Number of protein chains: 6
Amino acid sequence: MTENRVAVFRKENFNAAHRLHNPDWSDEKNARIFGKCNNPHYHGHNYDLIVQVTGAVDPETGYVFDMKILSDLIKEQVLDRFDHKNLNLDTREFRNLNPSAENIAIVIYKLLRDKIDTTLDLKIRLYETERNFVEYPVH
Amino acid sequence: MTENRVAVFRKENFNAAHRLHNPDWSDEKNARIFGKCNNPHYHGHNYDLIVQVTGAVDPETGYVFDMKILSDLIKEQVLDRFDHKNLNLDTREFRNLNPSAENIAIVIYKLLRDKIDTTLDLKIRLYETERNFVEYPVH
Amino acid sequence: MTENRVAVFRKENFNAAHRLHNPDWSDEKNARIFGKCNNPHYHGHNYDLIVQVTGAVDPETGYVFDMKILSDLIKEQVLDRFDHKNLNLDTREFRNLNPSAENIAIVIYKLLRDKIDTTLDLKIRLYETERNFVEYPVH
Amino acid sequence: MTENRVAVFRKENFNAAHRLHNPDWSDEKNARIFGKCNNPHYHGHNYDLIVQVTGAVDPETGYVFDMKILSDLIKEQVLDRFDHKNLNLDTREFRNLNPSAENIAIVIYKLLRDKIDTTLDLKIRLYETERNFVEYPVH
Amino acid sequence: MTENRVAVFRKENFNAAHRLHNPDWSDEKNARIFGKCNNPHYHGHNYDLIVQVTGAVDPETGYVFDMKILSDLIKEQVLDRFDHKNLNLDTREFRNLNPSAENIAIVIYKLLRDKIDTTLDLKIRLYETERNFVEYPVH
Amino acid sequence: MTENRVAVFRKENFNAAHRLHNPDWSDEKNARIFGKCNNPHYHGHNYDLIVQVTGAVDPETGYVFDMKILSDLIKEQVLDRFDHKNLNLDTREFRNLNPSAENIAIVIYKLLRDKIDTTLDLKIRLYETERNFVEYPVH
């Protein structure tokens with residue numbers, strides 16, 4: 001029964017440099033498709049990350065998931081990896097994967113999915129800017 | 001047919017004191033599980049509450065639900081009950097229920113569900129802080 | 001398979017005057033139902049618009065939809081039509097349709113739905129104020 | 001002595017239609033100078049208003065100025081006058097004064113200045129949009 | 001010479017319970033003056049604190065004040081003292097001082113002023129809610 | 001006379017990569033002083049920029065400064081120079097100047113000061129993150 005299923009959300013943030021680039025394309029095509037996001041010297045963002053965990057409320061604690069533990073998990077799995085980094089150069093995850101907001105959200109989902117019990121649903125919302133953001137997974 | 005179903009949202013807020021505590025546990029276990037949220041003298045929050053009502057648009061008004069009426073209903077059912085209160089001591093709802101964000105959202109849902117026609121769906125989002133928030137119900 | 005479906009969101013805004021009014025009703029009934037929103041000389045809002053496009057990530061770009069193209073499409077289809085306009089007097093869409101937030105969201109949905117490939121899902125969130133907002137479509 | 005001087009701020013908001021127009025100019029000059037803000041049928045904004053009152057802290061209350069009284073005063077002097085109104089047509093203040101953000105701030109200052117003891121300093125910040133705002137007076 | 005004087009700001013937040021009460025007054029007068037803020041069982045807030053430090057830019061670092069050091073100082077002097085506390089019961093500072101936003105700002109100023117070199121100016125902005133906030137000192 | 005002096009503010013934003021580094025120091029000292037901000041591969045931010053212009057209101061327009069012209073000036077002088085750039089590598093201004101928030105604000109001030117009539121005062125507020133920001137000049 002799902003009567004006591006609640007979604008809980010934790011917001012964190014990290015600051016990173018990145019560049020959109022497809023190595024299979026010519027420089028000209030990269031510049032045309034990615035525009036100023038293709039700048040060879042990188043640019044950067046303050047990424048706002050919202051992690052949503054959905055499950056039953058534990059009657060003993062009133063919690064779906066302890067927010068302190070969730071915050072620590074995000075710090076360990078995501079912020080320590082990406083904060084104040086160059087996503088293209090400093091991370092294993094984006095060495096061969098274009099660090100678009102879509103791909104960053106999918107990578108963060110996989111990093112956290114491994115660490116959270118599968119009885120709990122997980123969703124990622126990632127703000128690249130206040131005006132551009134993404135969500136994964138969707139149905 | 002659902003072609004004209006729209007969700008409408010109203011945001012309100014209230015300020016309250018609370019303490020997380022399970023009377024079936026020892027003081028030591030309460031302190032270990034709930035940390036600083038277990039402070040015996042309480043702490044407090046500015047709660048932001050978003051009430052979502054989903055249904056068909058009335059062709060005469062262009063409304064799903066009159067936002068003035070929804071705002072008044074939230075004031076009467078939620079704000080008058082919880083604003084500037086100590087949730088543990090001053091409210092009937094949390095005398096025997098731990099006032100976690102999850103439980104507060106479920107309580108608010110039930111208070112409003114009784115007052116809103118069942119042809120309309122209802123969902124609650126509650127921000128305990130800008131970084132910690134919950135949603136109920138979820139599928 | 002839907003494993004790489006991501007939702008992408010673009011936020012834009014426009015400023016417009018409007019008035020809620022049903023021409024089939026008496027002035028007295030309009031005033032009673034719509035209150036100060038019925039002011040014959042109009043009032044206005046800064047509308048925040050969030051357009052959500054959901055689909056598969058293109059492995060070549062890492063994009064679901066190029067945000068620059070989405071932004072340009074919103075400007076062309078929505079902002080050029082409604083920004084700094086009187087919705088009731090200056091637009092074809094609301095000459096015979098009450099410009100409630102619900103109806104504005106449905107109109108924006110239809111304007112954009114025609115221009116976005118049907119393999120992509122589309123959803124509109126429209127903020128009339130920070131406290132009143134709507135979403136369309138919903139299931 | 002000024003050791004206990006504190007500034008207190010209260011934020012309120014109102015929604016209004018307006019149009020920028022100088023009746024001494026030709027239509028062509030009005031359109032050229034004011035651009036889309038000159039639209040003859042008006043457009044509108046959600047105005048955010050921050051009223052700052054500066055003075056000594058009363059040792060008995062710990063207050064510079066009771067925020068409930070300040071909020072009521074703003075409602076009575078400003079919101080009842082301008083909320084859900086057409087500033088050009090519905091208000092005495094802007095019948096012969098161009099309702100630019102600058103002029104609206106000066107008018108609000110004068111309306112409140114009359115009602116607040118002169119031992120207290122007063123300053124107005126008015127947001128026409130999140131990106132355009134003004135402050136009055138300045139030194 | 002002041003040509004390179006810059007103000008730097010650091011935002012932190014804490015959650016606390018409090019109650020406005022003057023022990024020299026009757027219960028009736030306390031209730032009349034402080035209204036629901038006088039609730040004997042306390043209520044609470046998410047306080048947003050902005051600390052402003054003004055001084056010359058160090059040409060070697062490009063800093064007025066290292067923001068990491070400022071953040072640590074605020075944590076040590078303010079957050080460890082007030083976060084998740086009942087200001088009236090759990091703190092020495094407000095045992096005999098009414099914890100109005102004005103008084104909290106003055107107390108925070110004094111706590112930090114002692115720890116920051118006097119060649120640097122210091123100012124505190126404290127948000128009790130998004131709509132009520134204070135600043136100290138002012139000229 | 002200063003009775004009609006008003007401050008007007010325009011908010012813009014740009015996204016850039018940077019690195020804090022002093023070439024006169026050892027790598028070890030750079031790492032110690034600047035911490036993760038010294039990452040050799042850069043990191044990045046969404047910078048929010050607020051430009052304040054203060055002067056007399058023109059009685060013909062009701063403007064201190066046309067916000068459209070101010071926005072265009074910021075785009076031309078600041079955004080075209082810094083948006084989606086690596087401040088250390090791609091700009092003349094920070095080739096030999098550490099791109100701390102303080103220094104970026106001073107540089108932006110100088111770029112705009114040259115283009116705005118000296119009868120008008122100018123002030124820059126720059127947000128590196130929501131929690132770290134600076135203002136220049138200050139008295």
# chains A, B, ... in the order shown; residues from 1 in each chain; ligands from 1
>>> residues_around(residues="Ile33 of chain D", least_positions_apart="2", cutoff="12 Å", atoms="only C-alpha atoms", output="list in words")
Leu20, His21, Asn22, Trp25, Ser26, Asp27, Glu28, Lys29, Asn30, Ala31, Gly35, Lys36, Cys37, Asn38 and Asn39 of chain D; Glu60, Thr61, Gly62, Tyr63, Phe65, Asp66, Met67, Lys68 and Ile69 of chain F
>>> calpha_fit_and_write(fixed="chain A", moving="chain F", output="PDB file with C-alpha atoms, in the first residue's frame")
ATOM      1  CA  MET F   1       0.058  -0.016   0.008  1.00  0.00           C
ATOM      2  CA  THR F   2       1.259   3.426  -0.898  1.00  0.00           C
ATOM      3  CA  GLU F   3      -0.754   5.608   1.434  1.00  0.00           C
ATOM      4  CA  ASN F   4       2.263   6.880   3.318  1.00  0.00           C
ATOM      5  CA  ARG F   5       4.639   7.340   0.400  1.00  0.00           C
ATOM      6  CA  VAL F   6       6.286  10.766   0.516  1.00  0.00           C
ATOM      7  CA  ALA F   7       8.944  12.349  -1.695  1.00  0.00           C
ATOM      8  CA  VAL F   8      11.767  14.133   0.134  1.00  0.00           C
ATOM      9  CA  PHE F   9      14.088  16.606  -1.572  1.00  0.00           C
ATOM     10  CA  ARG F  10      17.578  17.826  -0.682  1.00  0.00           C
ATOM     11  CA  LYS F  11      19.183  20.775  -2.470  1.00  0.00           C
ATOM     12  CA  GLU F  12      22.976  21.114  -2.783  1.00  0.00           C
ATOM     13  CA  ASN F  13      25.218  23.039  -5.158  1.00  0.00           C
ATOM     14  CA  PHE F  14      28.617  22.887  -6.819  1.00  0.00           C
ATOM     15  CA  ASN F  15      30.660  25.175  -9.059  1.00  0.00           C
ATOM     16  CA  ALA F  16      32.444  23.755 -12.076  1.00  0.00           C
ATOM     17  CA  ALA F  17      34.001  24.581 -15.429  1.00  0.00           C
ATOM     18  CA  HIS F  18      32.991  22.725 -18.562  1.00  0.00           C
ATOM     19  CA  ARG F  19      32.911  22.839 -22.330  1.00  0.00           C
ATOM     20  CA  LEU F  20      30.499  21.216 -24.773  1.00  0.00           C
ATOM     21  CA  HIS F  21      32.414  19.387 -27.472  1.00  0.00           C
ATOM     22  CA  ASN F  22      32.010  16.305 -29.653  1.00  0.00           C
ATOM     23  CA  PRO F  23      35.449  14.920 -30.618  1.00  0.00           C
ATOM     24  CA  ASP F  24      33.948  13.141 -33.666  1.00  0.00           C
ATOM     25  CA  TRP F  25      33.023  16.483 -35.237  1.00  0.00           C
ATOM     26  CA  SER F  26      35.119  19.158 -36.924  1.00  0.00           C
ATOM     27  CA  ASP F  27      35.933  22.311 -34.957  1.00  0.00           C
ATOM     28  CA  GLU F  28      33.645  24.175 -37.317  1.00  0.00           C
ATOM     29  CA  LYS F  29      30.698  21.863 -36.620  1.00  0.00           C
ATOM     30  CA  ASN F  30      31.342  22.002 -32.857  1.00  0.00           C
ATOM     31  CA  ALA F  31      31.321  25.802 -32.966  1.00  0.00           C
ATOM     32  CA  ARG F  32      28.153  25.857 -35.057  1.00  0.00           C
ATOM     33  CA  ILE F  33      26.197  23.407 -32.896  1.00  0.00           C
ATOM     34  CA  PHE F  34      27.407  24.361 -29.427  1.00  0.00           C
ATOM     35  CA  GLY F  35      28.049  28.074 -30.006  1.00  0.00           C
ATOM     36  CA  LYS F  36      29.743  29.887 -27.138  1.00  0.00           C
ATOM     37  CA  CYS F  37      29.385  26.727 -24.982  1.00  0.00           C
ATOM     38  CA  ASN F  38      32.146  25.234 -27.163  1.00  0.00           C
ATOM     39  CA  ASN F  39      34.758  27.834 -26.054  1.00  0.00           C
ATOM     40  CA  PRO F  40      38.042  25.818 -26.006  1.00  0.00           C
ATOM     41  CA  HIS F  41      39.149  27.455 -22.746  1.00  0.00           C
ATOM     42  CA  TYR F  42      35.945  26.442 -20.930  1.00  0.00           C
ATOM     43  CA  HIS F  43      33.353  28.493 -19.091  1.00  0.00           C
ATOM     44  CA  GLY F  44      31.531  27.651 -15.867  1.00  0.00           C
ATOM     45  CA  HIS F  45      28.407  27.454 -13.807  1.00  0.00           C
ATOM     46  CA  ASN F  46      27.024  27.336 -10.277  1.00  0.00           C
ATOM     47  CA  TYR F  47      25.066  24.083 -10.523  1.00  0.00           C
ATOM     48  CA  ASP F  48      22.087  23.676  -8.196  1.00  0.00           C
ATOM     49  CA  LEU F  49      21.274  20.032  -7.587  1.00  0.00           C
ATOM     50  CA  ILE F  50      17.998  18.734  -6.119  1.00  0.00           C
ATOM     51  CA  VAL F  51      17.900  15.047  -5.202  1.00  0.00           C
ATOM     52  CA  GLN F  52      14.445  13.525  -4.717  1.00  0.00           C
ATOM     53  CA  VAL F  53      14.017  10.259  -2.789  1.00  0.00           C
ATOM     54  CA  THR F  54      10.551   8.687  -2.642  1.00  0.00           C
ATOM     55  CA  GLY F  55       9.374   5.962  -0.296  1.00  0.00           C
ATOM     56  CA  ALA F  56       7.316   5.040   2.741  1.00  0.00           C
ATOM     57  CA  VAL F  57       7.526   7.108   5.920  1.00  0.00           C
ATOM     58  CA  ASP F  58       9.157   5.165   8.741  1.00  0.00           C
ATOM     59  CA  PRO F  59       6.630   5.345  11.618  1.00  0.00           C
ATOM     60  CA  GLU F  60       9.404   5.391  14.216  1.00  0.00           C
ATOM     61  CA  THR F  61      11.255   8.426  12.850  1.00  0.00           C
ATOM     62  CA  GLY F  62       8.680  10.153  10.648  1.00  0.00           C
ATOM     63  CA  TYR F  63      11.382  10.095   7.980  1.00  0.00           C
ATOM     64  CA  VAL F  64      11.520   8.671   4.456  1.00  0.00           C
ATOM     65  CA  PHE F  65      15.276   9.190   4.490  1.00  0.00           C
ATOM     66  CA  ASP F  66      17.408  11.050   7.021  1.00  0.00           C
ATOM     67  CA  MET F  67      18.230  14.377   5.329  1.00  0.00           C
ATOM     68  CA  LYS F  68      21.589  14.582   7.094  1.00  0.00           C
ATOM     69  CA  ILE F  69      22.555  11.190   5.653  1.00  0.00           C
ATOM     70  CA  LEU F  70      21.266  12.212   2.216  1.00  0.00           C
ATOM     71  CA  SER F  71      23.255  15.450   2.357  1.00  0.00           C
ATOM     72  CA  ASP F  72      26.420  13.563   3.370  1.00  0.00           C
ATOM     73  CA  LEU F  73      25.876  11.043   0.565  1.00  0.00           C
ATOM     74  CA  ILE F  74      25.521  13.805  -2.029  1.00  0.00           C
ATOM     75  CA  LYS F  75      28.657  15.490  -0.713  1.00  0.00           C
ATOM     76  CA  GLU F  76      30.635  12.256  -0.869  1.00  0.00           C
ATOM     77  CA  GLN F  77      29.352  11.012  -4.238  1.00  0.00           C
ATOM     78  CA  VAL F  78      28.797  14.256  -6.148  1.00  0.00           C
ATOM     79  CA  LEU F  79      30.279  17.403  -4.588  1.00  0.00           C
ATOM     80  CA  ASP F  80      33.679  15.906  -3.722  1.00  0.00           C
ATOM     81  CA  ARG F  81      33.868  14.691  -7.328  1.00  0.00           C
ATOM     82  CA  PHE F  82      32.660  17.753  -9.238  1.00  0.00           C
ATOM     83  CA  ASP F  83      32.858  20.878  -7.040  1.00  0.00           C
ATOM     84  CA  HIS F  84      35.504  23.382  -8.178  1.00  0.00           C
ATOM     85  CA  LYS F  85      36.531  20.994 -10.944  1.00  0.00           C
ATOM     86  CA  ASN F  86      36.843  21.145 -14.687  1.00  0.00           C
ATOM     87  CA  LEU F  87      34.327  18.477 -15.672  1.00  0.00           C
ATOM     88  CA  ASN F  88      36.052  17.695 -18.995  1.00  0.00           C
ATOM     89  CA  LEU F  89      39.593  17.464 -17.624  1.00  0.00           C
ATOM     90  CA  ASP F  90      39.366  16.620 -13.934  1.00  0.00           C
ATOM     91  CA  THR F  91      36.712  13.872 -13.869  1.00  0.00           C
ATOM     92  CA  ARG F  92      36.671  10.298 -15.076  1.00  0.00           C
ATOM     93  CA  GLU F  93      32.918  10.478 -15.800  1.00  0.00           C
ATOM     94  CA  PHE F  94      33.141  13.190 -18.489  1.00  0.00           C
ATOM     95  CA  ARG F  95      36.435  12.328 -20.101  1.00  0.00           C
ATOM     96  CA  ASN F  96      34.518  10.656 -22.910  1.00  0.00           C
ATOM     97  CA  LEU F  97      31.039  12.053 -22.348  1.00  0.00           C
ATOM     98  CA  ASN F  98      29.861  15.538 -23.282  1.00  0.00           C
ATOM     99  CA  PRO F  99      29.037  17.352 -19.997  1.00  0.00           C
ATOM    100  CA  SER F 100      25.658  18.710 -21.074  1.00  0.00           C
ATOM    101  CA  ALA F 101      23.176  19.275 -18.239  1.00  0.00           C
ATOM    102  CA  GLU F 102      21.314  16.184 -19.448  1.00  0.00           C
ATOM    103  CA  ASN F 103      24.391  13.980 -19.215  1.00  0.00           C
ATOM    104  CA  ILE F 104      25.476  15.406 -15.862  1.00  0.00           C
ATOM    105  CA  ALA F 105      22.044  14.594 -14.426  1.00  0.00           C
ATOM    106  CA  ILE F 106      22.206  11.019 -15.717  1.00  0.00           C
ATOM    107  CA  VAL F 107      25.710  10.556 -14.289  1.00  0.00           C
ATOM    108  CA  ILE F 108      24.653  11.912 -10.883  1.00  0.00           C
ATOM    109  CA  TYR F 109      21.627   9.610 -10.916  1.00  0.00           C
ATOM    110  CA  LYS F 110      23.848   6.567 -11.493  1.00  0.00           C
ATOM    111  CA  LEU F 111      26.346   7.613  -8.815  1.00  0.00           C
ATOM    112  CA  LEU F 112      23.573   7.937  -6.217  1.00  0.00           C
ATOM    113  CA  ARG F 113      21.392   5.033  -7.415  1.00  0.00           C
ATOM    114  CA  ASP F 114      24.127   2.600  -6.402  1.00  0.00           C
ATOM    115  CA  LYS F 115      24.117   3.903  -2.838  1.00  0.00           C
ATOM    116  CA  ILE F 116      20.379   4.153  -2.123  1.00  0.00           C
ATOM    117  CA  ASP F 117      18.178   1.160  -1.327  1.00  0.00           C
ATOM    118  CA  THR F 118      16.170   0.054  -4.351  1.00  0.00           C
ATOM    119  CA  THR F 119      12.915   0.211  -2.372  1.00  0.00           C
ATOM    120  CA  LEU F 120      13.332   3.973  -2.714  1.00  0.00           C
ATOM    121  CA  ASP F 121      12.774   5.856  -5.979  1.00  0.00           C
ATOM    122  CA  LEU F 122      15.339   8.448  -7.022  1.00  0.00           C
ATOM    123  CA  LYS F 123      15.082  11.506  -9.247  1.00  0.00           C
ATOM    124  CA  ILE F 124      17.594  14.254 -10.087  1.00  0.00           C
ATOM    125  CA  ARG F 125      16.878  17.889 -10.963  1.00  0.00           C
ATOM    126  CA  LEU F 126      19.923  19.891 -12.058  1.00  0.00           C
ATOM    127  CA  TYR F 127      19.958  23.664 -12.653  1.00  0.00           C
ATOM    128  CA  GLU F 128      22.774  24.779 -14.976  1.00  0.00           C
ATOM    129  CA  THR F 129      21.438  28.310 -14.645  1.00  0.00           C
ATOM    130  CA  GLU F 130      18.253  29.706 -13.149  1.00  0.00           C
ATOM    131  CA  ARG F 131      16.779  29.569 -16.673  1.00  0.00           C
ATOM    132  CA  ASN F 132      18.084  26.180 -17.909  1.00  0.00           C
ATOM    133  CA  PHE F 133      17.492  22.987 -15.972  1.00  0.00           C
ATOM    134  CA  VAL F 134      16.835  19.274 -16.455  1.00  0.00           C
ATOM    135  CA  GLU F 135      15.228  16.330 -14.693  1.00  0.00           C
ATOM    136  CA  TYR F 136      16.021  12.597 -14.825  1.00  0.00           C
ATOM    137  CA  PRO F 137      14.519  10.022 -14.977  1.00  0.00           C
ATOM    138  CA  VAL F 138      11.124  10.803 -16.437  1.00  0.00           C
ATOM    139  CA  HIS F 139       8.370   8.428 -17.453  1.00  0.00           C
TER     140      HIS F 139
END
>>> select_by_dssp(residues="chain C", states="strand (DSSP E or B)", output="PyMOL selection string")
chain C and resi 5-18+43-56+85-86+121-127+132-136
>>> select_by_dssp(residues="segment 93-139 of chain B", states="alpha helix (DSSP H)", output="list in words")
Ala101, Glu102, Asn103, Ile104, Ala105, Ile106, Val107, Ile108, Tyr109, Lys110, Leu111, Leu112 and Arg113 of chain B
